[in-house]
>>> print(open('data39.json').read())   # JSON, C-alpha atoms and all ligand atoms
[["chain", "number", "residue", "atom", "x", "y", "z"],
["A", 1, "MET", "CA", 68.85, 53.32, 81.18],
["A", 2, "ASP", "CA", 70.10, 53.40, 84.74],
["A", 3, "TYR", "CA", 73.63, 54.41, 85.55],
["A", 4, "ILE", "CA", 75.41, 55.72, 88.61],
["A", 5, "THR", "CA", 76.36, 59.39, 88.41],
["A", 6, "ILE", "CA", 80.02, 60.25, 88.95],
["A", 7, "GLU", "CA", 81.82, 63.59, 88.61],
["A", 8, "THR", "CA", 85.10, 62.31, 87.25],
["A", 9, "THR", "CA", 86.48, 59.09, 85.79],
["A", 10, "ILE", "CA", 86.95, 56.24, 88.25],
["A", 11, "LYS", "CA", 89.09, 53.11, 88.25],
["A", 12, "GLY", "CA", 87.25, 50.13, 86.78],
["A", 13, "PRO", "CA", 88.00, 46.43, 86.17],
["A", 14, "GLY", "CA", 91.31, 45.66, 84.46],
["A", 15, "ILE", "CA", 93.24, 48.71, 85.71],
["A", 16, "SER", "CA", 95.93, 48.00, 88.31],
["A", 17, "ASP", "CA", 96.39, 50.11, 91.46],
["A", 18, "GLU", "CA", 99.93, 50.76, 90.30],
["A", 19, "ASP", "CA", 98.80, 52.28, 86.97],
["A", 20, "TRP", "CA", 95.92, 54.17, 88.56],
["A", 21, "ASN", "CA", 98.12, 55.71, 91.30],
["A", 22, "ASP", "CA", 101.02, 56.66, 89.02],
["A", 23, "GLU", "CA", 101.22, 60.41, 89.82],
["A", 24, "PHE", "CA", 103.47, 63.22, 88.59],
["A", 25, "GLU", "CA", 105.77, 64.84, 91.12],
["A", 26, "GLY", "CA", 104.13, 68.25, 90.80],
["A", 27, "CYS", "CA", 105.60, 71.68, 90.09],
["A", 28, "ASN", "CA", 107.58, 73.95, 92.41],
["A", 29, "CYS", "CA", 106.16, 77.24, 91.17],
["A", 30, "GLU", "CA", 106.26, 80.08, 93.68],
["A", 31, "ASN", "CA", 104.28, 82.37, 91.38],
["A", 32, "GLU", "CA", 101.57, 81.80, 88.82],
["A", 33, "CYS", "CA", 102.13, 78.60, 86.80],
["A", 34, "SER", "CA", 103.12, 79.44, 83.24],
["A", 35, "ILE", "CA", 105.95, 78.91, 80.79],
["A", 36, "GLU", "CA", 107.58, 82.07, 82.22],
["A", 37, "SER", "CA", 107.81, 80.36, 85.63],
["A", 38, "ALA", "CA", 109.11, 77.19, 83.89],
["A", 39, "CYS", "CA", 106.24, 75.23, 85.44],
["A", 40, "SER", "CA", 107.14, 71.53, 85.19],
["A", 41, "CYS", "CA", 103.48, 70.69, 84.47],
["A", 42, "LEU", "CA", 103.97, 72.41, 81.10],
["A", 43, "PRO", "CA", 106.53, 70.06, 79.51],
["A", 44, "GLU", "CA", 105.68, 71.25, 76.01],
["A", 45, "LYS", "CA", 106.75, 74.81, 76.90],
["A", 46, "ALA", "CA", 103.34, 76.23, 76.05],
["A", 47, "ASN", "CA", 100.58, 77.34, 78.38],
["A", 48, "ASN", "CA", 97.55, 75.01, 78.38],
["A", 49, "TYR", "CA", 94.95, 77.68, 79.06],
["A", 50, "SER", "CA", 94.49, 81.42, 78.47],
["A", 51, "ASP", "CA", 93.97, 83.89, 81.33],
["A", 52, "ASP", "CA", 90.21, 83.35, 80.91],
["A", 53, "PHE", "CA", 90.62, 79.55, 81.13],
["A", 54, "ARG", "CA", 90.11, 78.71, 77.45],
["A", 55, "ILE", "CA", 92.15, 75.88, 76.01],
["A", 56, "LEU", "CA", 95.05, 77.01, 73.83],
["A", 57, "ALA", "CA", 95.92, 75.07, 70.66],
["A", 58, "PRO", "CA", 94.29, 71.73, 71.49],
["A", 59, "SER", "CA", 96.00, 68.89, 69.67],
["A", 60, "SER", "CA", 95.82, 65.12, 69.77],
["A", 61, "THR", "CA", 99.59, 64.87, 70.11],
["A", 62, "ARG", "CA", 100.17, 67.42, 72.87],
["A", 63, "LEU", "CA", 100.64, 66.30, 76.46],
["A", 64, "LEU", "CA", 98.21, 68.40, 78.48],
["A", 65, "ILE", "CA", 98.92, 68.11, 82.20],
["A", 66, "GLU", "CA", 97.02, 70.14, 84.80],
["A", 67, "CYS", "CA", 98.56, 71.06, 88.16],
["A", 68, "SER", "CA", 97.47, 68.93, 91.10],
["A", 69, "ASP", "CA", 97.62, 68.55, 94.89],
["A", 70, "ASN", "CA", 101.27, 67.54, 94.51],
["A", 71, "CYS", "CA", 102.12, 71.02, 93.14],
["A", 72, "SER", "CA", 103.45, 73.98, 95.15],
["A", 73, "CYS", "CA", 100.85, 76.21, 93.50],
["A", 74, "SER", "CA", 98.25, 74.49, 95.71],
["A", 75, "LEU", "CA", 99.57, 76.72, 98.52],
["A", 76, "LEU", "CA", 99.39, 80.01, 96.57],
["A", 77, "PRO", "CA", 96.61, 82.47, 97.51],
["A", 78, "THR", "CA", 95.54, 82.97, 93.89],
["A", 79, "PRO", "CA", 93.89, 80.20, 91.82],
["A", 80, "CYS", "CA", 96.28, 78.40, 89.47],
["A", 81, "ARG", "CA", 95.57, 79.08, 85.81],
["A", 82, "ASN", "CA", 96.63, 75.54, 84.88],
["A", 83, "ARG", "CA", 93.53, 73.97, 86.46],
["A", 84, "VAL", "CA", 90.30, 73.90, 84.47],
["A", 85, "VAL", "CA", 88.95, 70.39, 83.92],
["A", 86, "GLN", "CA", 89.50, 69.40, 87.57],
["A", 87, "ASN", "CA", 87.27, 72.33, 88.65],
["A", 88, "GLY", "CA", 84.27, 70.67, 87.00],
["A", 89, "ILE", "CA", 81.39, 71.90, 84.85],
["A", 90, "LYS", "CA", 80.97, 75.69, 84.90],
["A", 91, "LYS", "CA", 78.73, 76.26, 81.87],
["A", 92, "LYS", "CA", 74.99, 75.62, 81.99],
["A", 93, "ILE", "CA", 74.15, 72.54, 79.90],
["A", 94, "GLU", "CA", 71.17, 70.17, 79.96],
["A", 95, "ILE", "CA", 70.01, 66.78, 78.68],
["A", 96, "PHE", "CA", 67.08, 66.90, 76.25],
["A", 97, "SER", "CA", 65.24, 64.54, 73.89],
["A", 98, "THR", "CA", 66.31, 64.90, 70.26],
["A", 99, "ARG", "CA", 64.02, 64.00, 67.37],
["A", 100, "ASP", "CA", 66.00, 61.05, 66.01],
["A", 101, "LYS", "CA", 69.14, 60.45, 68.10],
["A", 102, "GLY", "CA", 67.70, 59.59, 71.52],
["A", 103, "SER", "CA", 68.84, 61.92, 74.29],
["A", 104, "GLY", "CA", 71.32, 64.70, 73.62],
["A", 105, "VAL", "CA", 72.90, 67.64, 75.45],
["A", 106, "ARG", "CA", 72.41, 71.32, 74.69],
["A", 107, "ALA", "CA", 73.85, 74.62, 75.87],
["A", 108, "GLU", "CA", 71.68, 76.72, 78.17],
["A", 109, "GLU", "CA", 73.95, 79.75, 77.76],
["A", 110, "LEU", "CA", 76.61, 80.97, 75.35],
["A", 111, "ILE", "CA", 79.73, 78.82, 75.50],
["A", 112, "GLY", "CA", 82.81, 80.54, 74.11],
["A", 113, "ALA", "CA", 85.31, 78.87, 71.78],
["A", 114, "GLY", "CA", 87.86, 76.95, 73.86],
["A", 115, "GLU", "CA", 85.77, 76.87, 77.03],
["A", 116, "PHE", "CA", 85.50, 73.63, 79.00],
["A", 117, "VAL", "CA", 82.10, 71.94, 78.66],
["A", 118, "CYS", "CA", 82.31, 68.72, 80.70],
["A", 119, "GLU", "CA", 84.34, 65.61, 81.22],
["A", 120, "TYR", "CA", 83.41, 62.39, 79.41],
["A", 121, "ALA", "CA", 83.44, 60.61, 82.76],
["A", 122, "GLY", "CA", 83.19, 56.87, 83.11],
["A", 123, "GLU", "CA", 84.99, 53.82, 84.35],
["A", 124, "CYS", "CA", 88.54, 53.45, 83.08],
["A", 125, "ILE", "CA", 88.67, 49.77, 82.11],
["A", 126, "GLY", "CA", 91.16, 47.30, 80.65],
["A", 127, "GLU", "CA", 91.05, 45.71, 77.21],
["A", 128, "GLU", "CA", 89.64, 42.34, 78.35],
["A", 129, "GLU", "CA", 86.82, 44.10, 80.18],
["A", 130, "VAL", "CA", 86.03, 46.10, 77.01],
["A", 131, "GLU", "CA", 85.69, 42.82, 75.10],
["A", 132, "ARG", "CA", 83.57, 41.29, 77.87],
["A", 133, "ARG", "CA", 81.22, 44.31, 77.94],
["A", 134, "CYS", "CA", 80.97, 44.34, 74.12],
["A", 135, "LYS", "CA", 79.55, 40.81, 74.34],
["A", 136, "GLU", "CA", 77.34, 41.53, 77.37],
["A", 137, "PHE", "CA", 75.80, 44.63, 75.80],
["A", 138, "GLU", "CA", 75.83, 43.46, 72.16],
["A", 139, "GLY", "CA", 73.27, 45.30, 70.03],
["A", 140, "LYS", "CA", 72.90, 48.15, 72.53],
["A", 141, "ASP", "CA", 74.33, 51.70, 72.27],
["A", 142, "ASN", "CA", 78.10, 51.64, 72.55],
["A", 143, "TYR", "CA", 79.44, 54.19, 75.04],
["A", 144, "THR", "CA", 83.10, 53.14, 75.32],
["A", 145, "LEU", "CA", 85.47, 55.91, 74.28],
["A", 146, "THR", "CA", 88.97, 54.89, 73.18],
["A", 147, "LEU", "CA", 91.74, 57.42, 73.77],
["A", 148, "ARG", "CA", 94.70, 56.68, 71.48],
["A", 149, "GLU", "CA", 98.08, 58.22, 72.22],
["A", 150, "HIS", "CA", 101.38, 57.83, 70.37],
["A", 151, "PHE", "CA", 104.52, 57.53, 72.49],
["A", 152, "GLY", "CA", 107.30, 57.01, 69.95],
["A", 153, "ASP", "CA", 106.24, 53.94, 67.91],
["A", 154, "ARG", "CA", 103.92, 52.75, 70.65],
["A", 155, "ILE", "CA", 100.16, 53.41, 70.59],
["A", 156, "VAL", "CA", 98.71, 53.41, 74.09],
["A", 157, "LYS", "CA", 94.94, 53.04, 74.37],
["A", 158, "THR", "CA", 92.84, 54.08, 77.34],
["A", 159, "PHE", "CA", 89.21, 52.95, 77.49],
["A", 160, "ILE", "CA", 86.54, 55.01, 79.24],
["A", 161, "ASP", "CA", 83.11, 53.43, 79.64],
["A", 162, "PRO", "CA", 80.24, 55.53, 81.07],
["A", 163, "ARG", "CA", 77.62, 52.81, 80.57],
["A", 164, "LEU", "CA", 77.37, 51.88, 84.27],
["A", 165, "HIS", "CA", 79.04, 54.91, 85.90],
["A", 166, "GLY", "CA", 79.01, 58.19, 84.02],
["A", 167, "ASN", "CA", 78.03, 61.84, 83.82],
["A", 168, "ILE", "CA", 76.23, 64.12, 81.35],
["A", 169, "GLY", "CA", 79.11, 63.59, 78.87],
["A", 170, "ARG", "CA", 77.67, 60.18, 77.94],
["A", 171, "PHE", "CA", 74.68, 61.89, 76.30],
["A", 172, "LEU", "CA", 76.58, 63.97, 73.74],
["A", 173, "ASN", "CA", 75.76, 62.80, 70.22],
["A", 174, "HIS", "CA", 78.01, 62.60, 67.17],
["A", 175, "SER", "CA", 78.23, 65.24, 64.45],
["A", 176, "CYS", "CA", 80.34, 65.18, 61.30],
["A", 177, "ASP", "CA", 80.69, 68.98, 61.74],
["A", 178, "PRO", "CA", 80.90, 69.22, 65.54],
["A", 179, "ASN", "CA", 80.94, 72.25, 67.82],
["A", 180, "CYS", "CA", 82.89, 70.40, 70.55],
["A", 181, "GLU", "CA", 85.97, 68.21, 70.68],
["A", 182, "ILE", "CA", 87.50, 65.65, 73.02],
["A", 183, "VAL", "CA", 90.87, 66.58, 74.49],
["A", 184, "ILE", "CA", 93.08, 64.16, 76.43],
["A", 185, "VAL", "CA", 94.01, 65.72, 79.78],
["A", 186, "ARG", "CA", 96.06, 64.49, 82.74],
["A", 187, "LEU", "CA", 95.01, 65.62, 86.20],
["A", 188, "GLY", "CA", 98.34, 65.11, 87.96],
["A", 189, "LYS", "CA", 98.33, 61.40, 87.02],
["A", 190, "MET", "CA", 99.69, 59.40, 84.12],
["A", 191, "ILE", "CA", 96.26, 57.87, 83.38],
["A", 192, "PRO", "CA", 94.45, 60.34, 81.11],
["A", 193, "ILE", "CA", 90.87, 61.49, 81.16],
["A", 194, "ALA", "CA", 88.66, 62.78, 78.31],
["A", 195, "ALA", "CA", 87.59, 66.41, 78.47],
["A", 196, "ILE", "CA", 85.08, 68.05, 76.14],
["A", 197, "PHE", "CA", 85.83, 71.62, 75.01],
["A", 198, "ALA", "CA", 83.94, 73.99, 72.69],
["A", 199, "LYS", "CA", 85.56, 74.16, 69.24],
["A", 200, "ARG", "CA", 83.78, 77.41, 68.41],
["A", 201, "ASP", "CA", 81.31, 79.82, 70.04],
["A", 202, "ILE", "CA", 78.10, 77.91, 70.82],
["A", 203, "GLU", "CA", 74.76, 79.70, 71.17],
["A", 204, "SER", "CA", 72.32, 78.98, 73.97],
["A", 205, "GLY", "CA", 69.95, 76.19, 72.77],
["A", 206, "GLU", "CA", 72.45, 74.61, 70.35],
["A", 207, "GLU", "CA", 73.01, 70.87, 70.65],
["A", 208, "LEU", "CA", 76.52, 69.93, 71.79],
["A", 209, "CYS", "CA", 78.21, 67.30, 69.62],
["A", 210, "TYR", "CA", 81.67, 65.95, 68.93],
["A", 211, "ASP", "CA", 83.04, 63.75, 66.17],
["A", 212, "TYR", "CA", 83.04, 60.12, 67.36],
["A", 213, "GLY", "CA", 86.05, 59.35, 65.14],
["A", 214, "VAL", "CA", 87.17, 58.47, 61.68],
["A", 215, "SER", "CA", 86.75, 54.71, 61.64],
["A", 216, "GLY", "CA", 83.51, 53.12, 60.55],
["A", 217, "ILE", "CA", 81.91, 49.73, 60.40],
["A", 218, "GLU", "CA", 80.60, 48.27, 57.19],
["A", 219, "GLY", "CA", 77.59, 46.02, 56.81],
["A", 220, "PRO", "CA", 74.10, 45.80, 58.23],
["A", 221, "ASN", "CA", 75.06, 46.84, 61.77],
["A", 222, "ARG", "CA", 76.17, 50.32, 60.79],
["A", 223, "LYS", "CA", 73.93, 53.13, 62.00],
["A", 224, "PRO", "CA", 72.79, 56.04, 59.82],
["A", 225, "CYS", "CA", 74.02, 59.42, 61.02],
["A", 226, "HIS", "CA", 71.37, 62.08, 61.66],
["A", 227, "CYS", "CA", 73.71, 65.01, 62.30],
["A", 228, "LYS", "CA", 72.28, 66.84, 59.27],
["A", 229, "SER", "CA", 75.51, 68.71, 58.58],
["A", 230, "ALA", "CA", 76.44, 69.56, 54.99],
["A", 231, "THR", "CA", 79.53, 67.36, 55.34],
["A", 232, "CYS", "CA", 77.70, 64.39, 56.88],
["A", 233, "ARG", "CA", 79.48, 61.08, 56.27],
["A", 234, "LYS", "CA", 76.07, 59.31, 56.34],
["A", 235, "TYR", "CA", 76.95, 56.62, 58.93],
["A", 236, "LEU", "CA", 78.12, 56.83, 62.53],
["A", 237, "PRO", "CA", 81.89, 56.50, 62.65],
["A", 238, "MET", "CA", 81.96, 53.76, 65.26],
["A", 239, "SER", "CA", 84.42, 50.89, 65.26],
["A", 240, "ALA", "CA", 83.08, 47.35, 65.35],
["A", 241, "THR", "CA", 84.90, 47.15, 68.71],
["A", 242, "PRO", "CA", 86.60, 49.93, 70.71],
["A", 243, "ILE", "CA", 89.79, 47.79, 70.81],
["A", 244, "GLU", "CA", 90.59, 48.50, 67.13],
["B", 301, "LIG", "C1", 77.11, 57.84, 73.49],
["B", 301, "LIG", "S1", 75.45, 57.60, 73.00],
["B", 301, "LIG", "C2", 74.86, 59.25, 72.92],
["B", 301, "LIG", "C3", 73.62, 59.44, 73.74],
["B", 301, "LIG", "C4", 72.42, 58.72, 73.21],
["B", 301, "LIG", "N1", 71.73, 59.53, 72.21],
["B", 301, "LIG", "C5", 71.45, 58.34, 74.33],
["B", 301, "LIG", "O1", 70.24, 58.58, 74.21],
["B", 301, "LIG", "O2", 71.92, 57.80, 75.35],
["B", 301, "LIG", "C6", 75.68, 57.11, 71.34],
["B", 301, "LIG", "C7", 74.41, 56.69, 70.63],
["B", 301, "LIG", "O3", 73.59, 57.82, 70.34],
["B", 301, "LIG", "C8", 73.03, 57.72, 69.03],
["B", 301, "LIG", "N2", 73.63, 58.77, 68.18],
["B", 301, "LIG", "C9", 74.61, 59.62, 68.51],
["B", 301, "LIG", "N3", 74.89, 60.46, 67.50],
["B", 301, "LIG", "C10", 74.06, 60.16, 66.50],
["B", 301, "LIG", "C11", 73.89, 60.67, 65.19],
["B", 301, "LIG", "N4", 74.60, 61.66, 64.70],
["B", 301, "LIG", "N5", 72.94, 60.09, 64.41],
["B", 301, "LIG", "C12", 72.18, 59.06, 64.87],
["B", 301, "LIG", "N6", 72.29, 58.54, 66.11],
["B", 301, "LIG", "C13", 73.23, 59.08, 66.93],
["B", 301, "LIG", "C14", 73.40, 56.35, 68.52],
["B", 301, "LIG", "O4", 72.37, 55.46, 68.87],
["B", 301, "LIG", "C15", 74.67, 56.03, 69.29],
["B", 301, "LIG", "O5", 74.88, 54.63, 69.40]]
>>> encode(input="data39.json", output="structure tokens", more="lines below")
Ligand SMILES: C[S@@+](CC[C@H](N)C(=O)[O-])C[C@H]1O[C@@H](n2cnc3c(N)ncnc32)[C@H](O)[C@@H]1O
Amino acid sequence: MDYITIETTIKGPGISDEDWNDEFEGCNCENECSIESACSCLPEKANNYSDDFRILAPSSTRLLIECSDNCSCSLLPTPCRNRVVQNGIKKKIEIFSTRDKGSGVRAEELIGAGEFVCEYAGECIGEEEVERRCKEFEGKDNYTLTLREHFGDRIVKTFIDPRLHGNIGRFLNHSCDPNCEIVIVRLGKMIPIAAIFAKRDIESGEELCYDYGVSGIEGPNRKPCHCKSATCRKYLPMSATPIE
């Protein structure tokens, strides 16, 4: 299927300019950004990445903010350690044809645990547009990823759809015992993006997969899972609609 290739998530229908352009002030670090320098991009008082740019303690509840053009570290001669996802794909990965899951993505070199693989890039779209696209593309593969974040009692959902505009991330298949995971990252803006990191060391040639989620649909429309892991849940964990 045709789609337009993008490197990072773009603003799509249903997202206001105000929300899209809501940026953080940026840090004032005069030395390397870290908790020691009290970098304001590290509000959780923990470094996001190790010295060799591997993600530290990924968690669905942690606010992971990377430094940006608004930060003083942009002017430092040495590269800031709090910038990984924004630097793009560094590991060699390729699209290939799987036996029973359509296309997939595999490693072409060793990817270490915690290393960044690629962004799940797409259009960031609003809820009404998600519903409209669900109807328009009914019965076809569902690509919309829902990022759910808890802010106090509020659950904020961000929808990323790579169906029309996307990158290699849209080809990663589901596994019930995955070697990758999706991490919510902010690149100097309040609107988050979805970044895929290795959960463990991945050998060259291994297929890259993440867990599509815990929810599942019942009934005739559910799809059998072909991940072949010992802990396979038998059906793809996809919601009937990404809004749920
Ligand atoms: C985001 S796409 C992944 C890329 C897709 N394989 C392709 O060729 O474009 C999701 C679709 O891939 C297929 N898929 C992904 N993981 C699968 C799995 N574990 N078992 C069976 N089909 C899978 C399903 O058709 C699903 O709707």
>>> residues_near_ligand(input="data39.json", ligand="ligand LIG 301 (chain B)", cutoff="9 Å", atoms="all atoms listed in the file", output="JSON, numbers by chain")
{"A": [1, 97, 98, 100, 101, 102, 103, 104, 105, 140, 141, 142, 143, 144, 145, 162, 163, 169, 170, 171, 172, 173, 174, 175, 176, 209, 210, 211, 212, 223, 224, 225, 226, 227, 228, 232, 234, 235, 236, 238]}
>>> atom_distance(input="data39.json", atom1="atom CA of A:Lys91", atom2="atom CA of A:Ile111")
6.9 Å
>>> closest_atom_pairs(input="data39.json", of="stretch 31-134 of chain A", to="stretch 188-199 of chain A", cutoff="8 Å", atoms="only C-alpha atoms", output="JSON lines")
{"residue": "A:Ile55", "atom": "CA", "partner": "A:Phe197", "partner_atom": "CA", "distance": 7.7}
{"residue": "A:Ile65", "atom": "CA", "partner": "A:Gly188", "partner_atom": "CA", "distance": 6.5}
{"residue": "A:Glu66", "atom": "CA", "partner": "A:Gly188", "partner_atom": "CA", "distance": 6.1}
{"residue": "A:Cys67", "atom": "CA", "partner": "A:Gly188", "partner_atom": "CA", "distance": 6.0}
{"residue": "A:Ser68", "atom": "CA", "partner": "A:Gly188", "partner_atom": "CA", "distance": 5.0}
{"residue": "A:Asp69", "atom": "CA", "partner": "A:Gly188", "partner_atom": "CA", "distance": 7.8}
{"residue": "A:Asn70", "atom": "CA", "partner": "A:Gly188", "partner_atom": "CA", "distance": 7.6}
{"residue": "A:Val85", "atom": "CA", "partner": "A:Ala195", "partner_atom": "CA", "distance": 6.9}
{"residue": "A:Ile111", "atom": "CA", "partner": "A:Ala198", "partner_atom": "CA", "distance": 7.0}
{"residue": "A:Gly112", "atom": "CA", "partner": "A:Ala198", "partner_atom": "CA", "distance": 6.8}
{"residue": "A:Ala113", "atom": "CA", "partner": "A:Ala198", "partner_atom": "CA", "distance": 5.1}
{"residue": "A:Gly114", "atom": "CA", "partner": "A:Ala198", "partner_atom": "CA", "distance": 5.0}
{"residue": "A:Glu115", "atom": "CA", "partner": "A:Ala198", "partner_atom": "CA", "distance": 5.5}
{"residue": "A:Phe116", "atom": "CA", "partner": "A:Phe197", "partner_atom": "CA", "distance": 4.5}
{"residue": "A:Val117", "atom": "CA", "partner": "A:Phe197", "partner_atom": "CA", "distance": 5.2}
{"residue": "A:Cys118", "atom": "CA", "partner": "A:Ile196", "partner_atom": "CA", "distance": 5.4}
{"residue": "A:Glu119", "atom": "CA", "partner": "A:Ala195", "partner_atom": "CA", "distance": 4.3}
{"residue": "A:Tyr120", "atom": "CA", "partner": "A:Ala194", "partner_atom": "CA", "distance": 5.4}
{"residue": "A:Ala121", "atom": "CA", "partner": "A:Ala194", "partner_atom": "CA", "distance": 7.2}
>>> closest_residue(input="data39.json", among="A:Ser50, A:Ser204, A:Ser59, A:Thr146", to="A:Thr158", atoms="only C-alpha atoms")
A:Thr146
>>> atom_distance(input="data39.json", atom1="atom CA of A:Ile89", atom2="atom CA of A:Leu56")
18.3 Å
>>> axis_aligned_box(input="data39.json", around="stretch 201-206 of chain A", padding_each_side="3 Å", output="AutoDock Vina command-line options")
--center_x 75.6 --center_y 77.2 --center_z 72.0 --size_x 17.4 --size_y 11.2 --size_z 9.9
>>> atom_distance(input="data39.json", atom1="atom CA of A:Arg106", atom2="atom CA of A:Glu94")
5.5 Å
>>> closest_residue(input="data39.json", among="A:Ile202, A:Gly139, A:Cys124, A:Glu44", to="A:Asp19", atoms="only C-alpha atoms")
A:Cys124
>>> residues_near_point(input="data39.json", point="(103.7, 75.9, 73.6)", cutoff="12 Å", atoms="all atoms listed in the file", output="number ranges by chain")
A: 34-36, 38, 42-50, 55-59, 62-64
>>> closest_residue(input="data39.json", among="A:Gly122, A:Phe137, A:Glu149, A:Ala107", to="A:Leu164", atoms="all atoms listed in the file")
A:Gly122
>>> build_atoms(input="data39.json", residues="stretch 90-110 of chain A", atoms="N, CA and C atoms", output="PDB file, keeping the file's coordinate frame")
ATOM      1  N   LYS A  90      81.308  74.311  84.527  1.00  0.00           N
ATOM      2  CA  LYS A  90      80.970  75.690  84.900  1.00  0.00           C
ATOM      3  C   LYS A  90      79.867  76.264  84.012  1.00  0.00           C
ATOM      4  N   LYS A  91      79.734  75.739  82.795  1.00  0.00           N
ATOM      5  CA  LYS A  91      78.730  76.260  81.870  1.00  0.00           C
ATOM      6  C   LYS A  91      77.409  75.534  82.102  1.00  0.00           C
ATOM      7  N   LYS A  92      76.310  76.248  81.803  1.00  0.00           N
ATOM      8  CA  LYS A  92      74.990  75.620  81.990  1.00  0.00           C
ATOM      9  C   LYS A  92      74.654  74.774  80.765  1.00  0.00           C
ATOM     10  N   ILE A  93      74.502  73.465  80.986  1.00  0.00           N
ATOM     11  CA  ILE A  93      74.150  72.540  79.900  1.00  0.00           C
ATOM     12  C   ILE A  93      73.060  71.602  80.430  1.00  0.00           C
ATOM     13  N   GLU A  94      72.240  71.067  79.498  1.00  0.00           N
ATOM     14  CA  GLU A  94      71.170  70.170  79.960  1.00  0.00           C
ATOM     15  C   GLU A  94      70.932  69.031  78.978  1.00  0.00           C
ATOM     16  N   ILE A  95      70.392  67.932  79.520  1.00  0.00           N
ATOM     17  CA  ILE A  95      70.010  66.780  78.680  1.00  0.00           C
ATOM     18  C   ILE A  95      68.624  67.064  78.115  1.00  0.00           C
ATOM     19  N   PHE A  96      68.416  66.741  76.842  1.00  0.00           N
ATOM     20  CA  PHE A  96      67.080  66.900  76.250  1.00  0.00           C
ATOM     21  C   PHE A  96      66.828  65.753  75.282  1.00  0.00           C
ATOM     22  N   SER A  97      65.573  65.609  74.842  1.00  0.00           N
ATOM     23  CA  SER A  97      65.240  64.540  73.890  1.00  0.00           C
ATOM     24  C   SER A  97      65.344  65.079  72.470  1.00  0.00           C
ATOM     25  N   THR A  98      66.194  64.466  71.657  1.00  0.00           N
ATOM     26  CA  THR A  98      66.310  64.900  70.260  1.00  0.00           C
ATOM     27  C   THR A  98      65.216  64.195  69.448  1.00  0.00           C
ATOM     28  N   ARG A  99      65.065  64.606  68.187  1.00  0.00           N
ATOM     29  CA  ARG A  99      64.020  64.000  67.370  1.00  0.00           C
ATOM     30  C   ARG A  99      64.386  62.570  66.955  1.00  0.00           C
ATOM     31  N   ASP A 100      65.661  62.364  66.571  1.00  0.00           N
ATOM     32  CA  ASP A 100      66.000  61.050  66.010  1.00  0.00           C
ATOM     33  C   ASP A 100      67.335  60.470  66.481  1.00  0.00           C
ATOM     34  N   LYS A 101      67.851  60.989  67.608  1.00  0.00           N
ATOM     35  CA  LYS A 101      69.140  60.450  68.100  1.00  0.00           C
ATOM     36  C   LYS A 101      69.042  60.035  69.562  1.00  0.00           C
ATOM     37  N   GLY A 102      67.840  59.878  70.083  1.00  0.00           N
ATOM     38  CA  GLY A 102      67.700  59.590  71.520  1.00  0.00           C
ATOM     39  C   GLY A 102      67.948  60.870  72.309  1.00  0.00           C
ATOM     40  N   SER A 103      68.539  60.720  73.505  1.00  0.00           N
ATOM     41  CA  SER A 103      68.840  61.920  74.290  1.00  0.00           C
ATOM     42  C   SER A 103      70.058  62.624  73.717  1.00  0.00           C
ATOM     43  N   GLY A 104      70.156  63.906  74.020  1.00  0.00           N
ATOM     44  CA  GLY A 104      71.320  64.700  73.620  1.00  0.00           C
ATOM     45  C   GLY A 104      71.576  65.744  74.700  1.00  0.00           C
ATOM     46  N   VAL A 105      72.567  66.580  74.480  1.00  0.00           N
ATOM     47  CA  VAL A 105      72.900  67.640  75.450  1.00  0.00           C
ATOM     48  C   VAL A 105      72.918  68.967  74.704  1.00  0.00           C
ATOM     49  N   ARG A 106      72.357  70.008  75.326  1.00  0.00           N
ATOM     50  CA  ARG A 106      72.410  71.320  74.690  1.00  0.00           C
ATOM     51  C   ARG A 106      72.896  72.387  75.664  1.00  0.00           C
ATOM     52  N   ALA A 107      73.363  73.496  75.069  1.00  0.00           N
ATOM     53  CA  ALA A 107      73.850  74.620  75.870  1.00  0.00           C
ATOM     54  C   ALA A 107      72.653  75.401  76.391  1.00  0.00           C
ATOM     55  N   GLU A 108      72.737  75.852  77.628  1.00  0.00           N
ATOM     56  CA  GLU A 108      71.680  76.720  78.170  1.00  0.00           C
ATOM     57  C   GLU A 108      72.173  78.160  78.286  1.00  0.00           C
ATOM     58  N   GLU A 109      73.388  78.395  77.820  1.00  0.00           N
ATOM     59  CA  GLU A 109      73.950  79.750  77.760  1.00  0.00           C
ATOM     60  C   GLU A 109      75.041  79.727  76.709  1.00  0.00           C
ATOM     61  N   LEU A 110      75.531  80.898  76.336  1.00  0.00           N
ATOM     62  CA  LEU A 110      76.610  80.970  75.350  1.00  0.00           C
ATOM     63  C   LEU A 110      77.856  80.289  75.915  1.00  0.00           C
TER      64      LEU A 110
END
